[in-house]
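Only one structure is covered here, and it is reproduced in the block below.
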Amino acid sequence: MADKKLTVARTGNEAMAEAMRQINPDVVAAYPITPATEIAQIFAGFVADGLVDTEFVTVESEHSAMSATIGAAAAGGRCMTATSSQGLMLMAEMLPIASALRLPIVMPEVNRTISAPINIHCDHSDTMFVRDSGWMQVYCEDAQEAYDSVLMGIKIAEKVRLPMIVSTDGFIISHCMANMDLIDDRDVKDYIGKYKPQTWLLNPEKKITIGCLDLQDYYFEHKMVAIDAMRNAKSVIKECCEEFGEKFGRKYGFFDTYKMEDAEVAILAMGSLAGTAKVVVDNMRKTGRKAGLIKMRVFRPFPADELARAVSGLKALAIMDRSDAMSGLEGPLAVETKAALYDSAGKPKIHSYVYGLGGRDVQISEIENVYKDICDFAQAKKKFGENVTYLGVRE
Amino acid sequence: MDNLTEIRWHGRGGQGAKTAALLFGEAAMSLGQHIQAFPEYGPERMGAPVQSFNRISPEPITLHCGVTNPDIVVVLDPTLIATVDVFQGLDKGDSIIINTEKAPGEIEEELNIKGMGIKIYTVDASGISKAEIGRDIPNTPMLGALVKIYGKLNIEHVLEDMKKKLEKKFRSKPEVIDGNIRAIKRAYEEVKS
Amino acid sequence: MEKRKMGWKELPDADSIEAGTSAEFKTGDWRSQRPVFHGENCIHCLTCWVVCPDAAILVEDGKVVGYDYDHCKGCGICANECPINKAKGKEDISKRPITMEDEKNFKNDI
């Protein structure tokens, strides 16, 4: 397939819209919100130009966008929408319905902070807010990964029968044009195949009821089926990532590692910061520090065992969260990683950081300081007053 | 990242600073470079000072932090110099290209920045734009000046690539295409050091 | 003996159940008042069939023939909305196509 490689310059939003064009969903219902607006806007252009067969539904709110998408998916269609921030907040009520009804909706999302104060820039507060909605969540470093993850997402979601959010960092990636390789339209078509739902409302052969009243005697059992689907999703994700790597040459996992083979200290981060941190790892290595990086991609389902194994040889780990759960504890990635390591014998010393809220830039020098600090922490030369440091916030 | 060049564009909302960064990025990409092109977003309106950025490297770029120490600054509107610190983050040996009729020496004296070691280039991009395109849209001629100062892209290849892109965008207005190409070429040739 | 309930692994398709199961849920014994149909007074306008929330009005060849007492909850909307009940039947009960009667008088019918 390598001979068909087409290198282009695309923004994150353009890349996700391009993936949607190649997927050619049956229904897309969408409502605009910065910085995700372009995804549906570009896709609407594809609809107008006749490049896709999609029924494009312009709705009056994100709540309606998700409702329409759920309805169309329940009817048996391959359905998508896109959103960000407050839009995702407004969808929140509908999200667990999509997952409990086992509808494989794939939703490109652009990470933007949530109000108040009003701010349109990047952090992960929006998707973290809905992390327990039963949607799989994949955080992407750049446009290429976002494009690939949306394509893989279709396959994973339809096999697992749970919906998936694929997100990029708002503006930093959504509006950053960069080199990426597109996959040939026909290869994408072959790869994702035709969608065959197990049950669907518009099937006259097998009439069904969905979303019915389900009280004390059966709700738990029905919920258990969705819970079990999320628990089993890991094996499907692993399989699909491997298949994608073999077919198209780009390998992904639950998380990607960078120079972890002999690393003594590492950063665990999600999204675009991981890219910048790779440069910092290289810089650290030049100064003799054995630094590594784990870029978390799949946050739901949470790959606890795999993560515990990946960090087991480390002396110290810095966990970087681009949101705060306001739990009085630490950021969500830190809390869940610590929970994952509870039973692990070789767990490293851990310090966590909350960074970049509301789009606050994080420079190379700041990440270098994180590495230096945890190197000292590993050697017991440094103590932190608290478990979490709020990186770059003025006191 | 030693071969990485970072560029900052200064303009006013509506002058095409974002478009220029995207066009420059695309041109560099089609010549085999790895690129990034991104605007700075905020509450901009027509006329408000805006910035956009490029990163160019022969190797893949994974940096996603803001550009704070650019190697080259491009100023689309000379009136910005009075209100915005367009020199911010420039070090000795870095370059700035300003759209103005003035000579680099005049600018240096006016701003009293001799001895800072910053290479100053000027080009009358507005004048070129008015003559060749018929309107004051300085962003495309400034691209030509940037290609010259960046020095690692072949101008003929850039012009070919730009022509293809403009042909797609302005199918119904062929006169705009030739005017833009002439403007880029002239600015490439006329930029003064 | 209580009916054995399925475990989550046995559920037919988890997110969905077969359609039309409400027919199996006999709500007729919720009734305290029973609508009784008097065909000789009926003009078969089907207003009752439209307004019945439980689809419990039985119709054959476009004519009302009676009630599905397995599902009729005795809400009385049919009797309330019947145009003949409201007109001729207002004063003279014997002209009403639908009368509401105490369920306890019929208990043996179910």
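By convention here, the chains of the structure tokens are called A, B, ... in the order presented, each chain's residues are numbered starting at 1, and ligands are numbered starting at 1 in the order presented.
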
Point to revise | Residues near Glu10 of chain C, cut-off 12 Å, only C-alpha atoms, skip fewer than 2 positions along chain, as a PyMOL selection string | key: (chain A and resi 218+221-222+224-225) or (chain C and resi 5-8+12-14)

Practice item. Would you give me, as a ChimeraX atom specification, the residues of chain A that come within 6 Å of chain C, using only C-alpha atoms? Key: /A:101,207-210,221-222

Write a file of the just-selected residues containing C-alpha atoms, as an mmCIF file, in the first residue's frame.
data_model
loop_
_atom_site.group_PDB
_atom_site.id
_atom_site.type_symbol
_atom_site.label_atom_id
_atom_site.label_comp_id
_atom_site.auth_asym_id
_atom_site.auth_seq_id
_atom_site.Cartn_x
_atom_site.Cartn_y
_atom_site.Cartn_z
ATOM 1 C CA LEU A 101 -27.713 1.138 23.573
ATOM 2 C CA LYS A 207 -38.715 -6.090 15.226
ATOM 3 C CA ILE A 208 -37.118 -4.728 18.397
ATOM 4 C CA THR A 209 -37.696 -2.280 21.207
ATOM 5 C CA ILE A 210 -34.796 -0.221 22.564
ATOM 6 C CA GLU A 221 -28.055 -7.007 34.146
ATOM 7 C CA HIS A 222 -28.458 -4.804 31.079
#

**Study point:** At most 8 Å to chain B: residues in chain A, only C-alpha atoms, as a list in words
**Key:**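 Output check: Val8, Ala9, Phe171, Ile172, Ile173, His175, Cys176, Met177, Ala178, Asn179, Ser272, Leu273, Gly275, Thr276, Ala277, Lys278, Val279, Asp361, Val362, Gln363 and Ile364 of chain A.
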
Point to revise | Contacts of Val50 of chain B at 9 Å (only C-alpha atoms; same-chain gap of 2+ positions) as a PyMOL selection string | key: chain B and resi 9-13+17-18+39-42+44+47-48+52

Point to revise | Surrounding residues of Glu189 of chain B excluding itself and chain neighbours under 3 positions, 12 Å, only C-alpha atoms, as number ranges by chain | key: B: 122-125, 128, 141-149, 155, 182-186, 192-193

Point to revise | Residue list (helix (DSSP H, G or I), DSSP) for chain C, as a ChimeraX atom specification | key: /C:8-10,21-24,28-30,39-41,47-51,77-81,83-86,88-90,93-95,103-105,107-109

**Study point:** Long-range neighbours of segment 77-86 of chain C as a PyMOL selection string, 6 Å cut-off, only C-alpha atoms, 2 positions minimum in chain
**Key:** chain C and resi 48+75+88-90+96+98

Practice item. Among the residues of chain C, find those DSSP assigns to strand (DSSP E) from the backbone and print them as a ChimeraX atom specification. Key: /C:16-18,33-37,57-60,63-67,98-102

Residues as selected, N, CA and C atoms, written as a PDB file, in the first residue's frame, can you do that?
ATOM      1  N   SER C  16     -31.388  -4.493  23.419  1.00  0.00           N
ATOM      2  CA  SER C  16     -32.719  -4.431  22.830  1.00  0.00           C
ATOM      3  C   SER C  16     -33.522  -5.662  23.215  1.00  0.00           C
ATOM      4  N   ILE C  17     -34.804  -5.531  23.192  1.00  0.00           N
ATOM      5  CA  ILE C  17     -35.662  -6.687  23.410  1.00  0.00           C
ATOM      6  C   ILE C  17     -36.606  -6.783  22.230  1.00  0.00           C
ATOM      7  N   GLU C  18     -37.247  -7.936  22.075  1.00  0.00           N
ATOM      8  CA  GLU C  18     -38.155  -8.064  20.945  1.00  0.00           C
ATOM      9  C   GLU C  18     -39.289  -7.045  21.091  1.00  0.00           C
ATOM     10  N   GLN C  33     -62.924   0.870  37.458  1.00  0.00           N
ATOM     11  CA  GLN C  33     -64.133   1.210  36.699  1.00  0.00           C
ATOM     12  C   GLN C  33     -64.028   0.522  35.339  1.00  0.00           C
ATOM     13  N   ARG C  34     -65.145   0.001  34.855  1.00  0.00           N
ATOM     14  CA  ARG C  34     -65.113  -0.714  33.574  1.00  0.00           C
ATOM     15  C   ARG C  34     -65.997   0.005  32.550  1.00  0.00           C
ATOM     16  N   PRO C  35     -65.438   0.276  31.361  1.00  0.00           N
ATOM     17  CA  PRO C  35     -66.295   0.813  30.304  1.00  0.00           C
ATOM     18  C   PRO C  35     -67.120  -0.326  29.688  1.00  0.00           C
ATOM     19  N   VAL C  36     -68.417  -0.084  29.509  1.00  0.00           N
ATOM     20  CA  VAL C  36     -69.273  -1.112  28.891  1.00  0.00           C
ATOM     21  C   VAL C  36     -69.840  -0.531  27.600  1.00  0.00           C
ATOM     22  N   PHE C  37     -69.715  -1.318  26.525  1.00  0.00           N
ATOM     23  CA  PHE C  37     -70.088  -0.839  25.196  1.00  0.00           C
ATOM     24  C   PHE C  37     -71.523  -1.234  24.862  1.00  0.00           C
ATOM     25  N   ILE C  57     -59.642  -0.546  22.400  1.00  0.00           N
ATOM     26  CA  ILE C  57     -60.945  -0.552  21.723  1.00  0.00           C
ATOM     27  C   ILE C  57     -60.847  -1.549  20.565  1.00  0.00           C
ATOM     28  N   LEU C  58     -61.700  -2.529  20.548  1.00  0.00           N
ATOM     29  CA  LEU C  58     -61.653  -3.532  19.484  1.00  0.00           C
ATOM     30  C   LEU C  58     -62.515  -3.060  18.307  1.00  0.00           C
ATOM     31  N   VAL C  59     -61.913  -3.078  17.120  1.00  0.00           N
ATOM     32  CA  VAL C  59     -62.613  -2.611  15.920  1.00  0.00           C
ATOM     33  C   VAL C  59     -62.567  -3.716  14.864  1.00  0.00           C
ATOM     34  N   GLU C  60     -63.697  -3.986  14.247  1.00  0.00           N
ATOM     35  CA  GLU C  60     -63.737  -4.941  13.138  1.00  0.00           C
ATOM     36  C   GLU C  60     -64.463  -4.294  11.981  1.00  0.00           C
ATOM     37  N   LYS C  63     -65.864  -0.913  12.483  1.00  0.00           N
ATOM     38  CA  LYS C  63     -66.896  -0.705  13.504  1.00  0.00           C
ATOM     39  C   LYS C  63     -66.409  -1.176  14.869  1.00  0.00           C
ATOM     40  N   VAL C  64     -66.764  -0.371  15.877  1.00  0.00           N
ATOM     41  CA  VAL C  64     -66.386  -0.745  17.237  1.00  0.00           C
ATOM     42  C   VAL C  64     -67.198  -1.971  17.647  1.00  0.00           C
ATOM     43  N   VAL C  65     -66.462  -2.975  18.207  1.00  0.00           N
ATOM     44  CA  VAL C  65     -67.196  -4.170  18.632  1.00  0.00           C
ATOM     45  C   VAL C  65     -67.100  -4.405  20.136  1.00  0.00           C
ATOM     46  N   GLY C  66     -66.215  -3.666  20.793  1.00  0.00           N
ATOM     47  CA  GLY C  66     -66.124  -3.867  22.235  1.00  0.00           C
ATOM     48  C   GLY C  66     -64.736  -3.548  22.759  1.00  0.00           C
ATOM     49  N   TYR C  67     -64.420  -4.107  23.943  1.00  0.00           N
ATOM     50  CA  TYR C  67     -63.176  -3.760  24.623  1.00  0.00           C
ATOM     51  C   TYR C  67     -62.235  -4.949  24.767  1.00  0.00           C
ATOM     52  N   ILE C  98     -71.272   4.288  25.644  1.00  0.00           N
ATOM     53  CA  ILE C  98     -70.300   3.808  26.627  1.00  0.00           C
ATOM     54  C   ILE C  98     -70.747   4.235  28.020  1.00  0.00           C
ATOM     55  N   THR C  99     -70.839   3.264  28.916  1.00  0.00           N
ATOM     56  CA  THR C  99     -71.125   3.614  30.306  1.00  0.00           C
ATOM     57  C   THR C  99     -70.001   3.080  31.182  1.00  0.00           C
ATOM     58  N   MET C 100     -69.682   3.810  32.242  1.00  0.00           N
ATOM     59  CA  MET C 100     -68.634   3.376  33.172  1.00  0.00           C
ATOM     60  C   MET C 100     -69.316   2.743  34.381  1.00  0.00           C
ATOM     61  N   GLU C 101     -68.918   1.510  34.692  1.00  0.00           N
ATOM     62  CA  GLU C 101     -69.565   0.799  35.796  1.00  0.00           C
ATOM     63  C   GLU C 101     -68.538   0.247  36.770  1.00  0.00           C
ATOM     64  N   ASP C 102     -68.956  -0.018  37.971  1.00  0.00           N
ATOM     65  CA  ASP C 102     -68.020  -0.514  38.982  1.00  0.00           C
ATOM     66  C   ASP C 102     -67.465  -1.875  38.579  1.00  0.00           C
TER      67      ASP C 102
END

Check your understanding: Distance atom CA of Lys349 of chain A-atom CA of Ala308 of chain A, one decimal place?
Key ->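 Going from atom CA of Lys349 of chain A over to atom CA of Ala308 of chain A, I get 12.6 Å.
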
Review point. Could you state the separation of atom CA of Tyr191 of chain A and atom CA of Met16 of chain A in Å, given to one decimal place?
Key: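 Interatomic distance here is 16.8 Å.
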
Point to revise | Selection: 12 Å around Gly45 of chain A, only C-alpha atoms, excl. self and same-chain fewer than 3 positions, as a PyMOL selection string | key: chain A and resi 14+17-18+20-21+38-42+48-52+54+56

Just write the chosen residues, C-alpha atoms, as an mmCIF file, in the first residue's frame.
data_model
loop_
_atom_site.group_PDB
_atom_site.id
_atom_site.type_symbol
_atom_site.label_atom_id
_atom_site.label_comp_id
_atom_site.auth_asym_id
_atom_site.auth_seq_id
_atom_site.Cartn_x
_atom_site.Cartn_y
_atom_site.Cartn_z
ATOM 1 C CA GLU A 14 -9.130 18.872 7.961
ATOM 2 C CA ALA A 17 -13.029 15.652 8.102
ATOM 3 C CA GLU A 18 -11.027 13.810 5.432
ATOM 4 C CA MET A 20 -15.121 11.189 7.622
ATOM 5 C CA ARG A 21 -15.272 11.685 3.844
ATOM 6 C CA GLU A 38 -14.506 23.226 10.777
ATOM 7 C CA ILE A 39 -14.865 19.443 10.936
ATOM 8 C CA ALA A 40 -18.601 19.477 10.233
ATOM 9 C CA GLN A 41 -18.221 22.537 7.997
ATOM 10 C CA ILE A 42 -15.644 20.864 5.757
ATOM 11 C CA ALA A 48 -22.674 19.619 -1.079
ATOM 12 C CA ASP A 49 -20.066 18.524 -3.633
ATOM 13 C CA GLY A 50 -21.595 15.051 -3.822
ATOM 14 C CA LEU A 51 -18.411 13.354 -2.583
ATOM 15 C CA VAL A 52 -20.328 11.413 0.073
ATOM 16 C CA THR A 54 -24.370 11.075 3.791
ATOM 17 C CA PHE A 56 -26.385 15.621 6.714
#

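Distance annotation: of A:Val166, A:Leu6, A:Ala65, A:Met180, the residue with the minimal separation from Val27 of chain A is A:Ala65; atom set is only C-alpha atoms.
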
Review point. What does the distance from atom CA of Asn99 of chain B to atom CA of Ile137 of chain B come to in Å, to one decimal?
Key: 11.0 Å

**Study point:** Test item: residues at most 12 Å from Ala82 of chain B, only C-alpha atoms, excluding those fewer than 6 positions along its chain, as a PyMOL selection string
**Key:** chain B and resi 49+75+107+110-111

Would you save the residues of that selection, restricted to N, CA and C atoms, as an mmCIF file, in the first residue's frame?
data_model
loop_
_atom_site.group_PDB
_atom_site.id
_atom_site.type_symbol
_atom_site.label_atom_id
_atom_site.label_comp_id
_atom_site.auth_asym_id
_atom_site.auth_seq_id
_atom_site.Cartn_x
_atom_site.Cartn_y
_atom_site.Cartn_z
ATOM 1 N N PRO B 49 -4.177 43.449 15.687
ATOM 2 C CA PRO B 49 -2.901 42.763 15.451
ATOM 3 C C PRO B 49 -3.065 41.247 15.630
ATOM 4 N N VAL B 75 6.800 40.997 8.898
ATOM 5 C CA VAL B 75 5.830 42.022 9.321
ATOM 6 C C VAL B 75 5.067 42.503 8.088
ATOM 7 N N ILE B 107 15.113 52.036 8.917
ATOM 8 C CA ILE B 107 14.368 51.372 9.998
ATOM 9 C C ILE B 107 15.275 51.207 11.223
ATOM 10 N N GLU B 110 15.610 54.558 12.876
ATOM 11 C CA GLU B 110 14.350 54.988 13.508
ATOM 12 C C GLU B 110 14.114 54.254 14.829
ATOM 13 N N LEU B 111 14.402 52.958 14.817
ATOM 14 C CA LEU B 111 14.097 52.149 15.997
ATOM 15 C C LEU B 111 15.286 52.049 16.945
#
